[in-house]
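Undergrad: The structure's right below; bear with me while I get my questions together.
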Amino acid sequence: MGHDTHVQEKSVAQYEYDRRKNAVEMRKQVVNFAIMILFTFIAFAVVIADFSPYFIKPIILLLAGVQVVLQLYSFMHMGEKKAAHIGIINTFVWMGAVIAFTFFLAFLTIIWW
Amino acid sequence: MSSVAIGNKKGFGATLWDYLTTVDHKKLGNMYFFAGLLFFAIAGFEALLMRIQLMVPNNDFVSAGLFNELLTMHGTTMLFLAATPLLFGFMNAVVPLQIGARDVAFPFLNSLGFWLFFLGAVFLHLSFFMGGAPDAGWTSYASLSLYSPGHGIDFYVLGLQISGAGTLISGINFIVTIITMRAPGMTFMRMPLFTWTSLLSSALILFAFPPLTVGLFFMLVDRMFGANFFDHTMGGNTIIWEHLFWIFGHPEVYILVLPAFGLFSEIIPVFARKRLFGYSSMVFATILIGFLGFMVWAHHMFTTGLGPTANAIFAVATMAIGVPTGMKVFNWILTIWGGSVKVTVPMIYALGFIPSFVAGGVTGVMQATAPLDYQLHDSYFIVAHFHYVIVGGIVTAIFGATHFYWPIMFNRALNEKLGFVVFWIFFIGFHLTFFIQHFLGLMGMPRRVFTYQADQGWDLFNFISSIGAIMMGIGVLLLVINMLLSIKSKPLNTRDYWKDGRSLEWAIQTPVPFYNFKQTPLVRGYDPYWIEKQEGNKEGMTYAEPLGDIHMPNGSILPLIMSIGMFIAAFGALHHPDDVSWSVPVIIIGLGITVACMLTRSFKDDLGFHVHKEEVIAMEESLYGKGGNK
Amino acid sequence: MDLNTKFTPQSWPDHAEQATMEGKNKFVGIWIFICSDIVLFASVFATYLSLKDKGPAGMDITAAELLGLPLAFVMTMLLLTSSLTSVYAMYHMKNYNAKGVIIWMAITVLLGLGFLGLEISEFYEYTVHEGFGFTHSAFSSSFYVLVGTHGLHVVIGLVWITGLIIRNIKRGLNLYTAPKFFAASIYWHFIDVVWVFIFTVVYLMGVLG
């Protein structure tokens with residue numbers, strides 16, 4: 001604490017490389033976004049298409065789950081190994097997900113009987 | 001803001017301002033401690049009144065309505081407003097020192113957490129003077145509390161909502177602090193056990209308080225704004241409250257007991273002069289207890305009609321928690337076994353804790369058997385069980401840690417002889433009060449009753465139980481006297497008061513400077529200070545960095561004002577169902593004050609201040625003499 | 001200090017928002033807060049699932065006939081796109097382009113305001129035209145608390161990001177301001193995550209019956 005962060009000029013090659021890397025990364029994010037839009041579309045379409053609810057419900061939940069994991073791991077950098085303490089953060093988030101799952105299980109089974 | 005020059009006698013006004021604006025974890029730790037002690041005394045007094053009422057059959061010492069208020073406030077205050085802040089006091093005082101940090105990750109939020117807790121607590125207690133305290137039990141089941149006339153329950157909902165926000169904020173603070181601010185060399189598996197349990201308890205707070213927040217919010221809108229969550233005539237279900245409350249309520253008791261376990265894991269190795277047995281398994285057991293604590297809440301609801309399958313699942317999960325807890329007990333015993341045991345006051349609390357807590361634990365496993373619980377539920381057997389684990393576990397930890405950490409917190413020592421007297425009076429009184437109650441429960445005496453008929457075989461046992469309660473009261477009084485006496489005693493001005501300290505907090509000479517360690521220590525293993533002592537380093541720690549400028553946070557009055565804003569808004573909300581014209585404006589004013597403070601904080605930069613190297617050296621020399629603190 | 005250090009695109013560190021201790025603390029802190037918010041929403045969600053379509057005897061409003069899919073679709077598109085624009089703002093932050101950050105965060109706010117406007121009009125429609133107010137039934141109370149809590153989180157996010165824009169439009173990017181933008185964008189993504197569950201569980205599954 002109390003020490004100013006070290007400021008270092010990147011070399012031209014390093015700088016160009018990092019710019020390209022950032023641009024590639026951004027393109028990946030746009031692709032992920034397109035996938036999310038697609039999943040949303042499919043979910044809505046599946047509901048409107050009027051299949052049996054027993055078929056639709058698991059599918060849209062699965063689509064939601066995958067979309068959320070995509071948001072978490074790519075948009076929110078949970079998959080980025082170099083982020084500070086990301087291992088602990090992942091542990092906490094998955095713990096929260098497990099606890100959330102127990103709530104759903106409980107409230108769907110032992111509220112009305 | 002804070003001046004480095006010490007030895008200036010500050011006037012009363014300046015000292016008051018210092019404490020109102022402090023963000024220093026050490027000062028906040030002391031404030032949490034004394035606030036917790038105050039509410040512990042109040043809740044204890046409520047218990048005494050109850051036990052006097054129950055001393056003889058058909059007593060009329062207090063009315064039935066007042067008894068209900070006393071039992072509600074006793075439980076609510078003890079758990080939320082006494083045990084939690086006392087333990088937070090130790091966490092604040094000790095954890096940053098144990099990990100070699102200068103303060104917590106978010107000092108401003110640390111202060112905010114304290115003031116929200118304190119003002120929520122004050123708000124709840126105002127209910128006694130404003131129409132009556134809540135009277136539906138600390139669990140406030142919706143079928144009863146929705147229809148409780150008057151504002152008691154509204155005080156409960158709003159007071160706990162505000163206090164709970166403070167607790168959640170502090171929980172987040174400690175998690176981030178322990179993750180990011182450990183000294184170099186302190187890996188997770190080299191952290192002291194009290195730091196581990198603080199981390200896991202804070203994680204439990206993180207996950208358990210939101211369901212409480214949600215439940216309290218539902219109760220609030222049901223009572224005040226016409227919502228229908230718990231009203232079965234409008235499609236609601238009263239058991240939703242029970243689920244949300246106990247999803248919070250069960251982890252809550254682990255939130256309290258884990259730091260207590262951590263405190264004993266610090267005390268026992270120091271006074272057995274032996275390294276903690278089975279460190280990795282202790283860590284693993286604590287994690288398992290924390291995780292399982294979220295999977296057992298419905299064991300408080302066995303008799304609500306969940307059905308045999310649900311009951312069986314929760315019964316088995318509850319029994320499973322006994323396994324990691326038992327691991328910890330064996331590890332403590334094996335730490336003591338073969339050690340060179342020195343029975344000081346903290347150690348005797350630890351020795352008293354082990355059998356008492358185990359007794360409470362085994363009655364818990366008995367109650368986990370769902371069929372048996374049908375007999376035991378809502379009887380004095382349950383009361384006996386949880387007081388055994390709470391008093392035998394948490395309160396003994398708090399009392400023992402008070403003696404243990406008093407030198408670090410106040411640069412004074414509590415009197416050992418008086419400490420032993422307090423221990424024996426309190427300990428005997430505790431067993432007298434609650435051991436008897438197991439039998440009362442088995443004989444059929446229900447809990448939460450304000451009186452009972454004579455000649456059912458309960459008279460003698462109730463009488464004895466009340467005598468025990470009086471003894472506990474005397475013990476607490478003597479403990480407070482011990483604290484007051486220590487003010488006048490000589491300052492210690494030493495490091496490692498108990499001479500056998502193992503972790504970093506003992507490496508620093510008291511009084512602890514406001515910046516803690518002048519250089520961040522280098523941690524070479526578990527029990528880092530012990531390692532340095534073994535290596536022959538008589539002068540403290542090896543350091544990880546050269547002496548340099550130290551960056552410290554500024555104090556701020558905003559946390560107090562923000563909390564006052566919420567306090568004011570709560571008054572408006574409280575009177576909203578009364579259809580008064582000023583309720584909504586008051587809510588808006590109160591929230592407005594809070595939001596204005598948040599905007600001030602966001603728009604006005606606060607970058608802290610620097611203590612320059614020369615000032616640090618001067619400070620160290622004036623505190624510790626020529627050569628300073630090595 | 002960190003406020004006054006002058007950077008160039010070449011000297012701007014790679015993970016600027018985590019380059020200081022305060023930055024790391026804010027990064028870990030916002031994530032830990034989000035974990036508590038996950039459990040908060042889970043509690044409200046679980047309650048909604050148990051109170052869906054439940055009301056007094058003779059109640060005739062159900063999710064299937066009340067909720068409209070087209071509106072939910074548009075709202076989802078707005079919020080999802082705003083998530084992407086905030087990612088784009090962070091991309092500009094990586095490249096030390098302060099103007100890019102401000103512009104794309106502002107666009108995020110506009111999209112969020114659009115979402116909010118549609119939600120408010122939806123609530124108005126239900127309350128005033130359908131008689132489906134907060135006190136109507138257990139179903140209505142739980143619907144408004146669930147969707148309303150999410151809406152409140154959106155409002156807080158918009159105020160937060162707008163405040164950041166106003167505060168930093170003049171002084172740009174440095175190691176003190178970078179973590180603030182980053183934390184706000186993580187929070188904004190989280191709000192989108194919750195919305196994915198809301199449109200799936202409340203609207204899609206609601207319409208299914």
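By convention here, the chains of the structure tokens are called A, B, ... in the order presented, each chain's residues are numbered starting at 1, and ligands are numbered starting at 1 in the order presented.
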At a cut-off of 9 Å, using only C-alpha atoms, what residues contact segment 267-278 of chain B? Leave out same-chain residues fewer than 4 positions from it and give the result as a ChimeraX atom specification.

TA: /B:262-263,282-283,328,330-344,346-347,350-351,400-401,404,498-502,527

Undergrad: With 10 Å as the limit and counting only C-alpha atoms, what residues in chain B lie close to chain C? Please list them as a PyMOL selection string.

TA: chain B and resi 104-106+168-169+171-177+179-181+203-215+217-218+221-222+225-237+240-241+243-244+247+599+602-605+607

Undergrad: Just the helix (DSSP H, G or I) stuff from segment 9-205 of chain C, please, per backbone DSSP, written as an NGL selection string.

TA: :C and (16-18 or 21-51 or 63-66 or 69-94 or 98-129 or 138-168 or 178-205)

Undergrad: Using only C-alpha atoms, which residue out of B:Leu86, B:Ile287, B:Leu38, B:Val584 lies closest to Met95 of chain A?

TA: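 Checking each candidate against Met95 of chain A, we get B:Ile287 as the closest.
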
Undergrad: Using only C-alpha atoms, can you tell me which of C:Lys180, C:His189, C:His129, C:His153 comes closest to chain A?

TA: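 Residue with the minimum atom-to-atom distance to chain A: C:His189.
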